[in-house]
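Visitor: Structure file structure-v7.txt (compact mmCIF, C-alpha atoms) right here:
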# COMPACT_ATOMS: atom_id res chain seq x y z
CA MET A 16 18.77 17.10 -0.36
CA THR A 17 18.24 17.60 -4.07
CA THR A 18 16.93 14.93 -6.35
CA THR A 19 17.68 14.67 -10.02
CA ALA A 20 16.19 12.66 -12.80
CA GLU A 21 19.35 10.55 -12.95
CA SER A 22 18.85 9.34 -9.38
CA TYR A 23 15.51 7.81 -10.37
CA ASP A 24 16.78 6.21 -13.59
CA SER A 25 18.89 3.45 -12.07
CA PRO A 26 17.21 0.12 -12.92
CA LEU A 27 19.36 -1.83 -10.48
CA LYS A 28 18.54 0.56 -7.65
CA SER A 29 14.86 0.29 -8.53
CA ILE A 30 15.03 -3.50 -8.45
CA TYR A 31 16.64 -3.41 -5.00
CA TYR A 32 13.94 -1.03 -3.74
CA LEU A 33 11.22 -3.29 -5.12
CA ILE A 34 12.73 -6.40 -3.56
CA GLY A 35 13.11 -4.54 -0.26
CA GLY A 36 9.49 -3.37 -0.38
CA VAL A 37 8.16 -6.83 -1.16
CA PHE A 38 10.26 -8.27 1.67
CA VAL A 39 9.02 -5.68 4.18
CA PHE A 40 5.36 -6.17 3.20
CA SER A 41 5.75 -9.96 3.35
CA LEU A 42 7.36 -9.69 6.78
CA GLN A 43 4.54 -7.39 7.85
CA ASP A 44 1.93 -9.93 6.72
CA VAL A 45 3.62 -12.69 8.71
CA ILE A 46 3.83 -10.50 11.82
CA ILE A 47 0.17 -9.48 11.47
CA LYS A 48 -0.83 -13.15 11.09
CA TRP A 49 1.15 -13.99 14.23
CA LEU A 50 -0.23 -11.06 16.26
CA SER A 51 -3.85 -11.41 15.14
CA GLY A 52 -4.41 -14.33 17.50
CA LYS A 53 -3.31 -12.25 20.49
CA TYR A 54 -4.52 -8.70 19.80
CA PRO A 55 -7.62 -7.10 18.25
CA VAL A 56 -7.17 -6.16 14.60
CA HIS A 57 -8.06 -2.49 15.09
CA GLU A 58 -5.28 -2.24 17.67
CA ILE A 59 -2.80 -3.81 15.23
CA VAL A 60 -3.83 -1.29 12.55
CA LEU A 61 -3.36 1.60 14.98
CA ILE A 62 0.13 0.48 16.00
CA ARG A 63 1.11 -0.27 12.39
CA SER A 64 -0.05 3.18 11.31
CA PHE A 65 1.84 4.83 14.16
CA PHE A 66 5.08 3.13 13.16
CA ALA A 67 4.47 3.84 9.46
CA ILE A 68 4.12 7.59 10.01
CA ILE A 69 7.67 7.89 11.36
CA PRO A 70 9.49 7.01 8.11
CA ILE A 71 6.91 8.95 6.08
CA LEU A 72 7.59 12.13 8.04
CA PHE A 73 11.35 11.52 7.80
CA MET A 74 11.19 11.02 4.01
CA ALA A 75 9.05 14.15 3.60
CA TYR A 76 11.59 16.09 5.64
CA LEU A 77 14.44 14.82 3.43
CA GLU A 78 12.54 15.63 0.23
CA GLY A 79 12.09 19.28 1.11
CA GLY A 80 10.04 19.64 4.26
CA LEU A 81 6.84 18.67 5.98
CA HIS A 82 4.94 21.37 4.08
CA LEU A 83 4.90 18.92 1.15
CA LEU A 84 2.28 16.90 3.04
CA ARG A 85 -0.24 19.75 3.04
CA THR A 86 -3.37 19.44 0.96
CA ASN A 87 -6.19 21.71 -0.14
CA HIS A 88 -8.52 18.76 -0.74
CA TYR A 89 -9.54 17.97 2.83
CA VAL A 90 -12.76 16.15 2.05
CA THR A 91 -11.20 13.76 -0.47
CA HIS A 92 -8.24 13.27 1.86
CA ILE A 93 -10.56 12.30 4.74
CA ILE A 94 -12.55 9.97 2.48
CA ARG A 95 -9.34 8.33 1.29
CA SER A 96 -8.18 7.96 4.90
CA PHE A 97 -11.37 6.17 5.91
CA LEU A 98 -11.20 3.94 2.84
CA MET A 99 -7.58 3.01 3.57
CA PHE A 100 -8.48 2.28 7.18
CA GLY A 101 -11.24 -0.03 5.95
CA VAL A 102 -8.85 -1.72 3.52
CA TYR A 103 -6.32 -2.42 6.25
CA ILE A 104 -8.98 -3.68 8.65
CA CYS A 105 -10.39 -6.04 6.01
CA PHE A 106 -6.95 -7.28 4.93
CA TYR A 107 -5.78 -7.87 8.49
CA LEU A 108 -9.05 -9.62 9.37
CA SER A 109 -8.52 -11.89 6.37
CA LEU A 110 -4.96 -12.60 7.56
CA ALA A 111 -6.38 -13.59 10.94
CA ALA A 112 -9.08 -15.84 9.49
CA LEU A 113 -7.47 -17.46 6.43
CA PRO A 114 -4.17 -19.16 5.73
CA LEU A 115 -1.48 -16.67 4.72
CA ALA A 116 -0.99 -18.12 1.23
CA GLU A 117 -4.72 -17.98 0.48
CA THR A 118 -5.00 -14.38 1.68
CA VAL A 119 -2.08 -13.24 -0.44
CA SER A 120 -3.34 -15.07 -3.52
CA LEU A 121 -6.74 -13.38 -3.15
CA PHE A 122 -4.96 -10.05 -2.71
CA PHE A 123 -3.30 -10.58 -6.09
CA SER A 124 -6.72 -10.43 -7.75
CA ALA A 125 -6.65 -6.65 -7.12
CA PRO A 126 -5.52 -5.73 -10.69
CA ILE A 127 -8.71 -7.29 -12.06
CA PHE A 128 -10.90 -5.21 -9.74
CA ILE A 129 -8.84 -2.06 -10.32
CA THR A 130 -9.20 -2.45 -14.08
CA ILE A 131 -12.95 -3.01 -13.81
CA LEU A 132 -13.32 0.05 -11.56
CA ALA A 133 -11.17 2.15 -13.92
CA VAL A 134 -13.56 1.34 -16.75
CA THR A 135 -16.81 1.74 -14.82
CA SER A 136 -16.05 4.71 -12.58
CA LEU A 137 -13.33 6.63 -14.47
CA GLY A 138 -14.48 5.87 -17.99
CA GLU A 139 -11.05 4.66 -19.08
CA LYS A 140 -10.75 2.60 -22.22
CA VAL A 141 -8.90 -0.70 -21.75
CA GLU A 142 -7.73 -2.50 -24.86
CA PHE A 143 -8.34 -6.21 -25.36
CA ARG A 144 -4.60 -6.90 -25.00
CA SER A 145 -4.60 -5.16 -21.64
CA TRP A 146 -7.51 -7.30 -20.42
CA ILE A 147 -5.56 -10.39 -21.44
CA ALA A 148 -2.48 -9.15 -19.58
CA VAL A 149 -4.48 -8.40 -16.45
CA ASN A 150 -6.13 -11.81 -16.46
CA ILE A 151 -2.85 -13.65 -17.11
CA SER A 152 -1.04 -11.89 -14.29
Can you turn what I pasted into structure tokens?
Guide:
Amino acid sequence: MTTTAESYDSPLKSIYYLIGGVFVFSLQDVIIKWLSGKYPVHEIVLIRSFFAIIPILFMAYLEGGLHLLRTNHYVTHIIRSFLMFGVYICFYLSLAALPLAETVSLFFSAPIFITILAVTSLGEKVEFRSWIAVNIS
């Protein structure tokens, strides 16, 4: 399967993909909230990760092969894996402990923290207008 720049330039297609992604993640949050009273969170993360790897491998195969998933940066890849595991554990624990609406609203504060970390750890310069946009959204 070949991909061209034109296939990525369709705004309507992009909107549908975004709506689909938001729907799937919202459905996932509801399912996690429902399951968290019956199963341990680490077990939910394991099963979610298992089912997530199937479409990832399929998409990689369609995009040119599984060799695209290889990396030469093993240490950073392992660190990122542990960090993502921690993120999912924390998010799913919050889904289990807090009301769904409160958890999601706290999750939406992520752009503020990402911007602060971009400035402090990456040395990026953020204009005043960008800070206003981040705080409004």
Visitor: Enter the distance from atom CA of A:Phe122 to atom CA of A:Ser96, in Å, rounded to one decimal.
Guide: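 Those two atoms sit 19.8 Å apart.
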Visitor: Go through A:Val56, A:Leu137, A:Ala125, A:Ile131 and flag the residue nearest A:Phe100, using all atoms listed in the file for the distances.
Guide: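 Of A:Val56, A:Leu137, A:Ala125, A:Ile131, the one nearest A:Phe100 is A:Val56, counting all atoms listed in the file.
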Visitor: Applying 12 Å and only C-alpha atoms, which residues near A:Cys105 remain after dropping the ones on its own chain fewer than 5 positions away? List them as a PDB file with C-alpha atoms, keeping the file's coordinate frame.
Guide:
ATOM      1  CA  VAL A  56      -7.170  -6.160  14.600  1.00  0.00           C
ATOM      2  CA  HIS A  57      -8.060  -2.490  15.090  1.00  0.00           C
ATOM      3  CA  VAL A  60      -3.830  -1.290  12.550  1.00  0.00           C
ATOM      4  CA  LEU A  98     -11.200   3.940   2.840  1.00  0.00           C
ATOM      5  CA  MET A  99      -7.580   3.010   3.570  1.00  0.00           C
ATOM      6  CA  PHE A 100      -8.480   2.280   7.180  1.00  0.00           C
ATOM      7  CA  LEU A 110      -4.960 -12.600   7.560  1.00  0.00           C
ATOM      8  CA  ALA A 111      -6.380 -13.590  10.940  1.00  0.00           C
ATOM      9  CA  ALA A 112      -9.080 -15.840   9.490  1.00  0.00           C
ATOM     10  CA  LEU A 113      -7.470 -17.460   6.430  1.00  0.00           C
ATOM     11  CA  THR A 118      -5.000 -14.380   1.680  1.00  0.00           C
ATOM     12  CA  PHE A 122      -4.960 -10.050  -2.710  1.00  0.00           C
TER      13      PHE A 122
END
Visitor: Give me, please, the distance in Å between atom CA of A:Ile47 and atom CA of A:Ile69, quoted to one decimal.
Guide: 18.9 Å
Visitor: By how many Å are atom CA of A:Ile71 and atom CA of A:Ser109 apart?
Guide: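 Distance between the two atoms: 25.9 Å.
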